[in-house]
Structure formats: structure tokens, C-alpha cells
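Printed here is final33.cif (mmCIF, C-alpha atoms):
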```cif
data_model
#
loop_
_atom_site.label_atom_id
_atom_site.label_comp_id
_atom_site.auth_asym_id
_atom_site.auth_seq_id
_atom_site.Cartn_x
_atom_site.Cartn_y
_atom_site.Cartn_z
CA MET G 1 26.87 24.98 10.96
CA ASP G 2 30.73 25.06 11.08
CA THR G 3 30.83 22.26 13.62
CA VAL G 4 32.00 18.97 12.19
CA TYR G 5 30.64 16.09 14.24
CA ASP G 6 32.38 12.76 14.34
CA VAL G 7 29.07 11.03 13.80
CA ILE G 8 25.62 12.18 12.81
CA VAL G 9 22.94 9.60 13.41
CA ILE G 10 19.82 10.15 11.33
CA GLY G 11 16.86 8.68 13.17
CA GLY G 12 16.20 8.59 16.90
CA GLY G 13 14.67 5.15 17.33
CA PRO G 14 16.24 2.10 19.02
CA ALA G 15 18.97 1.70 16.38
CA GLY G 16 19.91 5.38 16.32
CA LEU G 17 19.88 5.86 20.09
CA THR G 18 21.95 2.73 20.65
CA ALA G 19 24.41 3.93 18.05
CA GLY G 20 24.58 7.27 19.84
CA ILE G 21 25.16 5.60 23.20
CA TYR G 22 28.09 3.65 21.77
CA THR G 23 29.76 6.43 19.79
CA ALA G 24 29.38 9.08 22.50
CA ARG G 25 30.61 6.69 25.16
CA HIS G 26 33.74 6.23 23.06
CA GLY G 27 34.23 9.99 23.01
CA LEU G 28 32.97 10.73 19.52
CA LYS G 29 31.10 14.01 19.11
CA THR G 30 27.68 12.68 18.22
CA LEU G 31 24.48 14.28 16.96
CA VAL G 32 21.22 12.34 16.72
CA MET G 33 18.67 13.88 14.35
CA GLU G 34 15.02 12.93 14.50
CA GLU G 35 12.15 14.48 12.57
CA LYS G 36 9.36 13.50 14.95
CA LYS G 37 9.87 12.45 18.54
CA ILE G 38 12.95 10.85 20.04
CA GLY G 39 12.15 7.18 20.52
CA GLY G 40 10.84 6.23 17.08
CA LYS G 41 8.34 3.53 16.29
CA PRO G 42 8.36 1.83 19.72
CA LEU G 43 6.63 4.93 21.12
CA GLU G 44 3.45 3.48 19.62
CA ALA G 45 3.93 0.17 21.43
CA HIS G 46 1.40 -0.12 24.21
CA TRP G 47 3.44 -2.74 26.04
CA VAL G 48 6.86 -4.28 25.41
CA GLU G 49 7.49 -7.56 27.13
CA ASN G 50 10.22 -9.14 25.03
CA PHE G 51 13.04 -6.63 25.47
CA PRO G 52 15.68 -8.35 27.62
CA GLY G 53 16.28 -6.91 31.05
CA PHE G 54 12.69 -5.92 31.77
CA PRO G 55 10.99 -9.10 32.96
CA GLU G 56 7.78 -7.32 33.97
CA GLY G 57 7.52 -5.46 30.65
CA LEU G 58 7.05 -1.72 30.20
CA THR G 59 5.49 0.71 27.75
CA GLY G 60 7.34 1.51 24.56
CA GLU G 61 7.54 5.12 25.66
CA ALA G 62 9.10 4.21 29.01
CA LEU G 63 11.66 1.98 27.32
CA MET G 64 12.64 4.62 24.79
CA LYS G 65 12.95 7.28 27.48
CA ARG G 66 15.58 5.05 29.05
CA PHE G 67 17.40 4.79 25.72
CA GLU G 68 17.28 8.59 25.37
CA ALA G 69 18.45 9.23 28.92
CA GLN G 70 21.37 6.85 28.46
CA ALA G 71 22.40 8.56 25.23
CA ALA G 72 22.12 12.00 26.86
CA ARG G 73 24.21 10.84 29.78
CA PHE G 74 27.11 10.16 27.42
CA GLY G 75 26.78 13.58 25.78
CA VAL G 76 24.77 12.88 22.65
CA GLU G 77 23.27 16.05 21.18
CA PHE G 78 19.74 15.91 19.78
CA LYS G 79 18.09 17.92 17.03
CA ILE G 80 14.45 17.61 16.06
CA GLU G 81 14.64 18.46 12.39
CA SER G 82 13.56 16.82 9.19
CA VAL G 83 16.48 15.68 7.04
CA ILE G 84 15.86 16.33 3.36
CA GLY G 85 19.08 15.00 1.88
CA ILE G 86 22.59 13.75 2.52
CA GLY G 87 25.77 14.05 0.52
CA ASP G 88 29.43 13.15 0.57
CA ILE G 89 31.61 16.20 -0.14
CA GLY G 90 35.28 15.36 -0.16
CA GLY G 91 35.25 13.05 2.79
CA VAL G 92 32.94 15.16 4.93
CA LYS G 93 29.32 14.10 4.97
CA ARG G 94 26.70 16.80 4.80
CA VAL G 95 23.17 16.42 6.14
CA SER G 96 20.70 18.97 4.78
CA THR G 97 17.54 20.16 6.49
CA ARG G 98 15.09 22.92 5.64
CA HIS G 99 17.00 25.22 7.99
CA GLY G 100 20.54 24.53 6.82
CA TYR G 101 23.01 21.72 7.04
CA TYR G 102 25.15 19.75 9.47
CA GLN G 103 28.51 18.08 8.81
CA ALA G 104 30.15 14.94 10.08
CA ARG G 105 32.99 12.57 9.39
CA SER G 106 30.63 9.64 9.35
CA LEU G 107 26.91 8.98 9.20
CA ILE G 108 24.71 6.30 10.62
CA ILE G 109 21.33 6.06 8.93
CA SER G 110 18.62 4.64 11.12
CA THR G 111 15.53 6.16 9.60
CA GLY G 112 13.32 3.20 10.40
CA ALA G 113 10.28 2.24 8.46
CA GLN G 114 6.89 3.81 7.87
CA ARG G 115 3.51 2.28 7.58
CA GLN G 116 2.26 1.42 4.11
CA ARG G 117 -0.81 3.16 2.77
CA LEU G 118 -3.79 1.13 1.66
CA SER G 119 -4.12 3.16 -1.57
CA VAL G 120 -7.85 2.77 -2.12
CA PRO G 121 -10.41 5.47 -3.01
CA GLY G 122 -11.46 7.43 0.07
CA GLU G 123 -8.31 6.81 2.12
CA GLY G 124 -6.89 10.30 1.62
CA LYS G 125 -10.26 12.08 1.57
CA PHE G 126 -11.25 10.71 4.96
CA ASN G 127 -7.85 10.89 6.64
CA GLY G 128 -8.64 12.41 10.04
CA ARG G 129 -12.35 12.03 9.37
CA GLY G 130 -12.61 8.42 10.32
CA VAL G 131 -9.43 7.08 8.71
CA SER G 132 -6.61 6.67 11.20
CA TYR G 133 -3.20 5.04 11.29
CA CYS G 134 -2.83 5.00 15.06
CA ALA G 135 -5.26 3.04 17.20
CA ILE G 136 -3.65 4.01 20.50
CA CYS G 137 -3.88 7.72 19.60
CA ASP G 138 -7.32 7.92 17.99
CA GLY G 139 -9.07 4.86 19.44
CA PRO G 140 -10.68 6.81 22.31
CA PHE G 141 -12.68 8.86 19.78
CA PHE G 142 -14.47 5.68 18.70
CA LYS G 143 -15.93 4.62 22.00
CA GLY G 144 -19.16 2.73 21.36
CA LYS G 145 -18.75 3.04 17.59
CA ARG G 146 -18.14 0.54 14.78
CA VAL G 147 -14.64 0.32 13.37
CA ALA G 148 -12.68 -1.69 10.83
CA VAL G 149 -9.05 -2.65 11.42
CA ILE G 150 -7.21 -3.38 8.22
CA GLY G 151 -3.92 -5.25 8.32
CA SER G 152 -2.43 -8.72 8.58
CA GLY G 153 0.49 -8.22 10.97
CA HIS G 154 0.77 -8.56 14.72
CA GLU G 155 0.19 -4.83 15.23
CA ALA G 156 -3.15 -5.08 13.43
CA VAL G 157 -4.15 -7.98 15.69
CA GLU G 158 -3.04 -6.06 18.78
CA ASP G 159 -4.88 -2.90 17.71
CA ALA G 160 -8.07 -4.81 16.92
CA MET G 161 -7.99 -6.22 20.45
CA ARG G 162 -7.33 -2.76 21.88
CA LEU G 163 -10.25 -1.25 19.96
CA ALA G 164 -12.53 -4.09 21.04
CA ASP G 165 -12.21 -2.70 24.55
CA VAL G 166 -13.84 0.59 23.56
CA SER G 167 -15.75 0.12 20.30
CA SER G 168 -19.12 -1.62 19.91
CA VAL G 169 -18.04 -3.71 16.91
CA VAL G 170 -14.60 -4.32 15.40
CA TYR G 171 -14.29 -5.77 11.93
CA ALA G 172 -10.80 -7.25 11.61
CA ILE G 173 -9.89 -7.40 7.94
CA PRO G 174 -6.46 -8.94 7.22
CA GLY G 175 -6.88 -8.94 3.42
CA SER G 176 -7.42 -11.78 0.99
CA LYS G 177 -4.18 -13.53 1.98
CA GLY G 178 -5.18 -13.70 5.64
CA TYR G 179 -2.96 -13.00 8.63
CA SER G 180 0.80 -13.12 8.07
CA GLU G 181 1.25 -15.63 10.87
CA GLU G 182 -0.88 -17.53 13.34
CA TYR G 183 -0.18 -15.01 16.10
CA PRO G 184 -0.82 -16.07 19.72
CA ASP G 185 -3.44 -13.31 20.12
CA LEU G 186 -5.43 -14.42 17.08
CA LYS G 187 -7.35 -17.05 19.00
CA ARG G 188 -8.39 -14.42 21.53
CA LEU G 189 -9.30 -12.03 18.72
CA ARG G 190 -11.49 -14.61 16.99
CA GLY G 191 -13.18 -15.42 20.28
CA SER G 192 -13.96 -11.83 21.20
CA PRO G 193 -17.73 -11.13 21.15
CA ARG G 194 -17.17 -7.66 19.76
CA VAL G 195 -14.85 -8.75 16.93
CA GLU G 196 -15.81 -10.14 13.57
CA VAL G 197 -12.85 -11.40 11.55
CA LEU G 198 -13.50 -11.03 7.83
CA GLU G 199 -10.91 -13.19 6.11
CA GLY G 200 -10.72 -13.59 2.35
CA TYR G 201 -11.65 -10.01 1.55
CA ASP G 202 -9.73 -6.94 0.38
CA VAL G 203 -10.91 -3.41 1.10
CA VAL G 204 -11.51 -1.64 -2.21
CA GLU G 205 -13.14 1.61 -1.10
CA ILE G 206 -13.69 3.76 1.95
CA GLY G 207 -16.75 5.95 1.66
CA GLY G 208 -19.05 8.32 3.46
CA ASP G 209 -20.43 11.82 3.42
CA GLY G 210 -18.17 14.20 5.31
CA ALA G 211 -16.87 11.36 7.47
CA VAL G 212 -16.39 7.63 7.03
CA SER G 213 -19.62 5.64 7.03
CA TYR G 214 -18.74 2.44 5.15
CA VAL G 215 -16.06 0.29 3.53
CA LYS G 216 -16.51 -1.87 0.47
CA LEU G 217 -14.92 -5.31 0.37
CA GLU G 218 -14.20 -7.68 -2.46
CA GLY G 219 -13.53 -11.39 -2.16
CA GLU G 220 -15.62 -14.33 -3.13
CA SER G 221 -18.43 -11.82 -3.09
CA GLU G 222 -18.76 -8.08 -2.71
CA MET G 223 -19.72 -6.69 0.65
CA ARG G 224 -20.35 -3.29 2.21
CA ILE G 225 -20.05 -2.85 5.93
CA ASP G 226 -21.16 0.22 7.86
CA VAL G 227 -18.42 1.65 10.08
CA ASP G 228 -17.58 4.97 11.75
CA GLY G 229 -13.82 4.47 11.69
CA VAL G 230 -11.18 2.69 9.64
CA PHE G 231 -7.81 1.93 11.21
CA ILE G 232 -5.19 1.14 8.58
CA ILE G 233 -2.48 -0.86 10.32
CA LEU G 234 -0.41 -2.28 7.48
CA GLU G 235 3.16 -3.54 7.61
CA HIS G 236 6.01 -1.02 7.60
CA VAL G 237 8.29 -0.25 4.65
CA PRO G 238 11.79 1.23 5.03
CA THR G 239 12.09 5.01 5.08
CA THR G 240 14.84 5.60 2.57
CA ASN G 241 13.50 8.56 0.58
CA ILE G 242 16.33 10.88 1.69
CA LEU G 243 18.91 8.62 0.08
CA SER G 244 17.87 9.15 -3.51
CA ASP G 245 20.65 11.57 -4.43
CA ALA G 246 23.36 10.16 -2.18
CA GLY G 247 24.19 7.08 -4.22
CA ILE G 248 23.53 4.71 -1.35
CA GLU G 249 22.46 1.33 -2.68
CA ILE G 250 19.07 0.00 -1.75
CA ASP G 251 17.46 -3.25 -2.85
CA GLU G 252 14.21 -3.74 -4.75
CA GLY G 253 12.27 -3.63 -1.48
CA GLY G 254 13.71 -0.22 -0.57
CA CYS G 255 15.99 -1.65 2.12
CA ILE G 256 19.47 -0.14 2.53
CA ILE G 257 22.07 -2.74 1.58
CA VAL G 258 24.72 -3.20 4.29
CA ASP G 259 27.45 -5.71 4.97
CA ARG G 260 27.96 -7.57 8.24
CA TYR G 261 29.55 -4.43 9.73
CA GLN G 262 26.49 -2.28 8.80
CA GLN G 263 28.62 -0.53 6.13
CA THR G 264 26.77 0.79 3.06
CA ASN G 265 28.42 1.03 -0.35
CA ILE G 266 29.78 4.49 0.60
CA PRO G 267 32.76 4.56 3.00
CA GLY G 268 31.88 6.21 6.30
CA ILE G 269 28.13 5.84 5.85
CA PHE G 270 26.55 3.07 7.88
CA ALA G 271 22.95 1.97 8.34
CA ALA G 272 21.09 0.12 11.06
CA GLY G 273 17.63 -0.98 12.08
CA ASP G 274 14.38 -1.26 10.17
CA CYS G 275 15.66 0.78 7.21
CA THR G 276 17.92 -2.20 6.46
CA CYS G 277 15.00 -4.64 6.89
CA SER G 278 16.93 -6.61 9.45
CA GLY G 279 14.18 -7.75 11.77
CA THR G 280 11.67 -5.07 12.86
CA GLN G 281 12.31 -5.81 16.53
CA ILE G 282 13.59 -3.29 19.08
CA VAL G 283 16.32 -5.68 20.12
CA THR G 284 17.55 -6.33 16.56
CA ALA G 285 17.51 -2.61 15.78
CA ALA G 286 19.49 -1.88 18.94
CA GLY G 287 22.00 -4.61 18.05
CA ASP G 288 22.43 -3.22 14.56
CA GLY G 289 22.89 0.26 16.03
CA GLY G 290 25.67 -0.97 18.29
CA LYS G 291 27.44 -2.68 15.39
CA ALA G 292 27.12 0.39 13.18
CA ALA G 293 28.53 2.56 15.96
CA LEU G 294 31.59 0.38 16.41
CA SER G 295 32.18 0.43 12.66
CA ALA G 296 31.81 4.22 12.62
CA LEU G 297 34.26 4.45 15.50
CA MET G 298 36.87 2.46 13.57
CA TYR G 299 36.23 4.57 10.48
CA VAL G 300 36.63 7.90 12.31
CA ARG G 301 39.76 6.67 14.08
CA SER G 302 41.21 5.62 10.72
CA LEU G 303 40.80 9.20 9.45
CA GLU G 304 42.90 10.48 12.36
CA LYS G 305 45.94 8.38 11.48
CA MET Q 1 -12.55 44.60 12.09
CA ILE Q 2 -10.24 42.20 13.89
CA GLY Q 3 -11.98 39.67 16.11
CA MET Q 4 -10.76 37.68 19.07
CA VAL Q 5 -9.15 34.36 18.24
CA LYS Q 6 -8.73 31.28 20.39
CA VAL Q 7 -6.54 28.43 19.14
CA GLU Q 8 -6.84 25.01 20.71
CA TYR Q 9 -4.25 22.34 19.93
CA TYR Q 10 -5.56 18.79 20.45
CA TYR Q 11 -2.85 16.21 20.89
CA SER Q 12 -2.08 12.73 22.18
CA PRO Q 13 1.08 12.23 24.25
CA VAL Q 14 1.60 8.84 22.59
CA TYR Q 15 1.54 10.00 18.97
CA PRO Q 16 5.06 10.63 17.64
CA TYR Q 17 4.02 13.48 15.33
CA CYS Q 18 2.31 15.53 18.03
CA PRO Q 19 5.47 17.20 19.45
CA SER Q 20 6.47 18.37 15.96
CA ALA Q 21 2.95 19.64 15.35
CA ARG Q 22 2.97 21.41 18.72
CA ARG Q 23 6.15 23.29 17.84
CA ILE Q 24 4.58 24.48 14.61
CA VAL Q 25 1.34 25.58 16.27
CA SER Q 26 3.27 27.36 19.04
CA GLU Q 27 5.44 29.17 16.50
CA ALA Q 28 2.41 30.32 14.54
CA VAL Q 29 0.52 31.44 17.65
CA GLY Q 30 3.65 33.21 18.89
CA LYS Q 31 3.40 35.63 15.97
CA TYR Q 32 0.26 37.12 17.53
CA SER Q 33 0.03 38.84 20.88
CA ASP Q 34 -3.76 38.75 21.01
CA VAL Q 35 -4.43 35.07 20.30
CA GLU Q 36 -5.56 32.88 23.18
CA TYR Q 37 -3.92 29.45 23.11
CA GLU Q 38 -4.73 26.18 24.87
CA GLU Q 39 -3.36 22.65 24.54
CA VAL Q 40 -5.85 19.82 25.03
CA ASN Q 41 -4.58 16.34 25.88
CA THR Q 42 -6.92 13.75 24.36
CA TYR Q 43 -5.49 11.06 26.59
CA THR Q 44 -7.61 12.44 29.41
CA GLU Q 45 -11.37 12.08 30.03
CA GLU Q 46 -11.75 15.84 29.79
CA GLY Q 47 -9.78 16.03 26.51
CA ILE Q 48 -11.71 13.22 24.87
CA LYS Q 49 -15.01 14.75 25.98
CA ARG Q 50 -14.08 18.06 24.44
CA GLY Q 51 -12.83 16.37 21.26
CA LEU Q 52 -16.01 14.34 20.87
CA ALA Q 53 -18.11 17.48 21.35
CA LEU Q 54 -16.37 18.85 18.25
CA ASN Q 55 -16.76 15.55 16.37
CA LEU Q 56 -12.99 15.23 16.36
CA MET Q 57 -11.73 11.83 15.19
CA SER Q 58 -7.98 12.21 15.00
CA VAL Q 59 -5.01 14.06 16.41
CA PRO Q 60 -3.06 16.26 16.09
CA ALA Q 61 -5.73 18.84 15.37
CA VAL Q 62 -5.94 22.61 15.38
CA VAL Q 63 -9.25 24.15 16.42
CA VAL Q 64 -9.77 27.85 15.89
CA ASN Q 65 -12.68 29.59 17.58
CA GLY Q 66 -14.38 26.25 18.11
CA VAL Q 67 -14.01 25.02 14.52
CA ILE Q 68 -11.71 22.16 13.50
CA ARG Q 69 -9.36 23.67 10.93
CA LEU Q 70 -6.46 21.22 10.62
CA ILE Q 71 -6.42 17.48 11.29
CA GLY Q 72 -3.42 15.20 11.00
CA PHE Q 73 0.17 16.02 10.23
CA PRO Q 74 2.07 17.49 8.43
CA PHE Q 75 0.93 21.09 8.39
CA SER Q 76 3.06 24.20 8.33
CA VAL Q 77 3.37 27.41 10.35
CA ASP Q 78 1.83 29.17 7.37
CA ASP Q 79 -1.14 26.80 7.41
CA VAL Q 80 -1.83 27.60 11.05
CA ALA Q 81 -1.23 31.32 10.55
CA LYS Q 82 -3.68 31.31 7.65
CA CYS Q 83 -6.35 29.78 9.88
CA ILE Q 84 -5.70 32.46 12.52
CA GLU Q 85 -5.81 35.27 9.96
CA GLU Q 86 -9.09 34.03 8.54
CA ALA Q 87 -10.60 33.85 12.02
CA ARG Q 88 -9.40 37.38 12.80
CA MET Q 89 -11.12 38.71 9.70
CA ALA Q 90 -14.32 36.69 10.10
#
```
Turn the structure described in the file into C-alpha cells.
Amino acid sequence: MDTVYDVIVIGGGPAGLTAGIYTARHGLKTLVMEEKKIGGKPLEAHWVENFPGFPEGLTGEALMKRFEAQAARFGVEFKIESVIGIGDIGGVKRVSTRHGYYQARSLIISTGAQRQRLSVPGEGKFNGRGVSYCAICDGPFFKGKRVAVIGSGHEAVEDAMRLADVSSVVYAIPGSKGYSEEYPDLKRLRGSPRVEVLEGYDVVEIGGDGAVSYVKLEGESEMRIDVDGVFIILEHVPTTNILSDAGIEIDEGGCIIVDRYQQTNIPGIFAAGDCTCSGTQIVTAAGDGGKAALSALMYVRSLEK
Amino acid sequence: MIGMVKVEYYYSPVYPYCPSARRIVSEAVGKYSDVEYEEVNTYTEEGIKRGLALNLMSVPAVVVNGVIRLIGFPFSVDDVAKCIEEARMA
């Protein structure tokens, strides 16, 4: 734990890995910390076809493996550990985990965003017993079964289409406000013989006996639909829980506040990607990560003068 | 009386939490020299078939002696060890 890195990047998604590529390439001793799997949210993307440079498209996993390999090539170190807090102690930043702490001259926070919970009765009780947050992971268990897909974003539309390939019936439930946008895939979704789009309703309860067997909806009328699975695919919110004691400013939406150089209110601590609510695209996160890295580079160099 | 224990770890290679869960299950299993351990990939026909036979609906999951004991993440090394201990004493 005596090692003092030039940069610790917290979060191993597109923003964090790009930051690592840039800082390590400039010779800064760089550690990327990730609590789950290197690659971040794009690992759940079945197919990415809008990341420049890959005209045929590729899976999110394949794309992020390239990010990781490029970072490793420049000497980035990786640690799979859950960060529980960060602090600024006399110019050195300290990153705490359950196993100890790591130190660096600068930090780049790229903790991404996590999916919102629906927060209705039954959601927690049936988690893993019919309630799922990952269609690509758990969808195969619902072959020939009836499922509901709850969410109004493009991922919910995409997952409803994916599940329609295996399930007997898919109820797509965007909520009373409807879909966030008129996504290109919506027409296909509405035309699918296995999909019933239930607009104008909110889910108020998930119920069953041992496992999910129904959801209750409220809108112009009340409705109960029989389902075997409920996929909750809501929008993401920034993951900024580790910042509570560090004094880093966040806005009312939980987004880290940064300037045009990705600098937070604390010198030497930068932020990039979805945790700053800058765009929720791989390409915007990567761009932010590059900017944050260059700012961190200038900051670290300034300490050496 | 200590009985034989088999731990099966069901996972999906596309779920970001599964590698973390795997490390925890491996660490817990590693505490015992007499526990049989198997990893089951549910992204294969065989894995899905075995999962469905158990009525499994989500991964990651820890199955001990044919019974689903833990579903979803997070869980701890202690959680897994507790499942193993209970199976040993059953």
C-alpha cells in the first residue's frame, strides 16, 4: 500500500479505460480499479454499431476487450476491488477498499451509472425468482414463458425485442409517460406478434407464490397480467455513493459536477463518463475519459515543478 | 456426521457481476478440501437445461447438493461457507 500512483482511475468502463490508455501512454503510473468486470456497462450491450472505427459493428464485450488490451499494452495496472471511499490527505488522494487503501497524486472518477429500481412491492422479494435486471443474462431461462419488460428507454425496447425471440408473450410496459423517444425499433416492437405494448400504465405490484406469477398495473383502469418473469430495464442513474465523505460536488440528479476540463471542485480529482451525466454513450464516455486524463497529466506534472 | 458436499456455480459470461461472484464462491470452496466444485455456464444449451431442471431463473447462483441456495449478487464468502457448512451437517 506504500506505492503512490500518479493516477488512480475508479471505474473500468469506457471512460476509465480511455483515461488509463492516455495517462499510461504518457508515462504516468496508472491503476484502474473496478468492482465488477473490466469493461463496465457496455458488456451488457448485445451489439454496438455506432462506435466509430467498427463499420460492421461488434459485441459490447468484444469492444471493451479491445479497450482493456490497449490499456494493458501501455502498462495500466488493474485491480478488481470495491472502492468504499475516497479522501484527500495533504495532497495525496487515498482510495479505500475493504482490504486496505491505495494512494495517488490524482484521481479520475468514472464510476458510471447503475440501473434504477422500480421500487414497488414484490420487486425485492422476487429478485432472482422471476425478477431480473438483465435480459441477455437471464432471458434464456424464460424460453416459451410469459414476461413483462418494464422501462421506457432504448435498452428496454431492445430487450423486449430480444425476449420476443425466446418467450411466448412479451408485455412491453414503458410506464404512464410512454417511451422516452420514438426509437427506430419501436415500430418493429409494436408489430411483433409476440409483443403487446401496454402504454399508459404503471406497474404497482409484482406478485406470486414462491416465484413471480403476475404484475398489477394502474392507469386509466387497473389490470393484472399473468407473467412468469419481470425484466426491469429502467434508465441508469449515476453511481456516486462513494463520494459522500469526499466533499466532491454533485448536482440534484446525483451527477458529479465538472468543468470543461473534467475537473471537479477538488484539485487533482477529475471525473468522466456517465457519472457526470454527459451523454450515456460509449463514445462520449471515452471522449470524457481522454479529456480527464490530459487534465490529470497536467496536474501531476504541475506537482513535479 | 459430515456429509459429502457438491457446490455448483451457475453463471453467465455476459453478466458483469459473475466474475466477482465466482471469486467469492471459489474462495469459500477453497476453504474445504472435501467439497466438489463445478462451474456451469448458462450461456450453453447444457447449462440452461441444467438450470431449468432446478427451476433457476437468474444468475449468478450457488447450488449446493442440488438445491439453489444463493441467487443474485452480492453475497459474501461467509454466505457461501454457511451454505456449505449447513450441507455438511445435513
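In this structure, CA of Tyr17 (chain Q) sits 6.9 Å away from CA of Phe73 (chain Q).
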Near-region 109-120 of chain G list (7 Å; all atoms listed in the file; drop same-chain fewer than 2 positions) as a PyMOL selection string
chain G and resi 9-11+15-16+107+122-123+204-205+234-239+270-275
Selection dump of the PyMOL selection byres ((chain G) within 7 of (chain Q)), as an MDAnalysis selection string
chainID G and resid 36:37 43:44 128:130 132 137:138 140:141
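Rounded to one decimal, CA of Cys277 (chain G) and CA of Val203 (chain G) lie 26.6 Å from each other.
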Target residues per the PyMOL selection byres ((chain Q and resi 77) around 8), formatted as a ChimeraX atom specification:
/Q:24-25,27-28,75-76,78-81
Which residues would end up in the selection if the PyMOL selection byres ((chain Q and resi 34-36) around 12) were applied here, given that I need the answer as a ChimeraX atom specification?
/Q:2-9,25-26,28-33,37-39,63-65,81,83-85,87-88
By how many Å are CA of Asp228 (chain G) and CA of Leu186 (chain G) apart?
23.5 Å
Write out, as CSV, each residue of region 208-262 of chain G that has an atom at most 10 Å from region 175-184 of chain G, together with the closest pair of atoms and their distance in Å to one decimal, counting only C-alpha atoms, rows going by chain and rising number.
```
residue,atom,partner,partner_atom,distance
G:Leu217,CA,G:Gly175,CA,9.3
G:Glu218,CA,G:Ser176,CA,8.6
G:Gly219,CA,G:Ser176,CA,6.9
G:Glu220,CA,G:Ser176,CA,9.5
G:Glu235,CA,G:Ser180,CA,9.9
```
Could you give me the centre and size, in Å to one decimal, of an axis-aligned box around all listed atoms of region 51-54 of chain G with 5 Å added on every side, as JSON?
```
{"center_x": 14.5, "center_y": -7.1, "center_z": 28.6, "size_x": 13.6, "size_y": 12.4, "size_z": 16.3}
```
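The list of residues with at least one atom within 8 Å of Ile269 (chain G), based on only C-alpha atoms and without residues fewer than 2 positions apart in the same chain, reads G:Ser106, G:Leu107, G:Ile108, G:Ile109, G:Gln263, G:Thr264, G:Asn265, G:Ile266, G:Pro267, G:Ala271, G:Ala296.
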Output C-alpha atoms for every residue in that selection, as a short mmCIF file (atom, residue, chain, number, x, y, z; two decimals), keeping the file's coordinate frame.
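result.cif written:
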```
data_model
loop_
_atom_site.label_atom_id
_atom_site.label_comp_id
_atom_site.auth_asym_id
_atom_site.auth_seq_id
_atom_site.Cartn_x
_atom_site.Cartn_y
_atom_site.Cartn_z
CA SER G 106 30.63 9.64 9.35
CA LEU G 107 26.91 8.98 9.20
CA ILE G 108 24.71 6.30 10.62
CA ILE G 109 21.33 6.06 8.93
CA GLN G 263 28.62 -0.53 6.13
CA THR G 264 26.77 0.79 3.06
CA ASN G 265 28.42 1.03 -0.35
CA ILE G 266 29.78 4.49 0.60
CA PRO G 267 32.76 4.56 3.00
CA ALA G 271 22.95 1.97 8.34
CA ALA G 296 31.81 4.22 12.62
#
```
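Each of G:Ile150, G:Ala286, G:Leu163, G:Leu17 was checked against Glu199 (chain G) using all atoms listed in the file; the smallest atom-to-atom distance is that of G:Ile150.
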For region 34-45 of chain G, which lacks atoms in the input, supply N, CA and C atoms and format the output as an mmCIF file, in the coordinates of the input.
```
data_model
loop_
_atom_site.group_PDB
_atom_site.id
_atom_site.type_symbol
_atom_site.label_atom_id
_atom_site.label_comp_id
_atom_site.auth_asym_id
_atom_site.auth_seq_id
_atom_site.Cartn_x
_atom_site.Cartn_y
_atom_site.Cartn_z
ATOM 1 N N GLU G 34 16.303 13.649 14.560
ATOM 2 C CA GLU G 34 15.020 12.930 14.500
ATOM 3 C C GLU G 34 13.969 13.928 14.020
ATOM 4 N N GLU G 35 13.130 13.525 13.089
ATOM 5 C CA GLU G 35 12.150 14.480 12.570
ATOM 6 C C GLU G 35 10.885 14.552 13.412
ATOM 7 N N LYS G 36 10.602 13.497 14.170
ATOM 8 C CA LYS G 36 9.360 13.500 14.950
ATOM 9 C C LYS G 36 9.710 13.591 16.439
ATOM 10 N N LYS G 37 9.636 12.452 17.105
ATOM 11 C CA LYS G 37 9.870 12.450 18.540
ATOM 12 C C LYS G 37 10.939 11.415 18.844
ATOM 13 N N ILE G 38 11.899 11.793 19.688
ATOM 14 C CA ILE G 38 12.950 10.850 20.040
ATOM 15 C C ILE G 38 12.312 9.582 20.624
ATOM 16 N N GLY G 39 12.723 8.453 20.072
ATOM 17 C CA GLY G 39 12.150 7.180 20.520
ATOM 18 C C GLY G 39 11.688 6.314 19.360
ATOM 19 N N GLY G 40 11.217 6.970 18.290
ATOM 20 C CA GLY G 40 10.840 6.230 17.080
ATOM 21 C C GLY G 40 9.605 5.376 17.233
ATOM 22 N N LYS G 41 9.547 4.353 16.400
ATOM 23 C CA LYS G 41 8.340 3.530 16.290
ATOM 24 C C LYS G 41 7.892 2.885 17.605
ATOM 25 N N PRO G 42 8.829 2.460 18.479
ATOM 26 C CA PRO G 42 8.360 1.830 19.720
ATOM 27 C C PRO G 42 7.487 2.726 20.584
ATOM 28 N N LEU G 43 7.489 4.037 20.345
ATOM 29 C CA LEU G 43 6.630 4.930 21.120
ATOM 30 C C LEU G 43 5.155 4.556 20.967
ATOM 31 N N GLU G 44 4.840 3.886 19.856
ATOM 32 C CA GLU G 44 3.450 3.480 19.620
ATOM 33 C C GLU G 44 3.131 2.147 20.290
ATOM 34 N N ALA G 45 4.159 1.491 20.825
ATOM 35 C CA ALA G 45 3.930 0.170 21.430
ATOM 36 C C ALA G 45 3.304 0.322 22.800
#
```
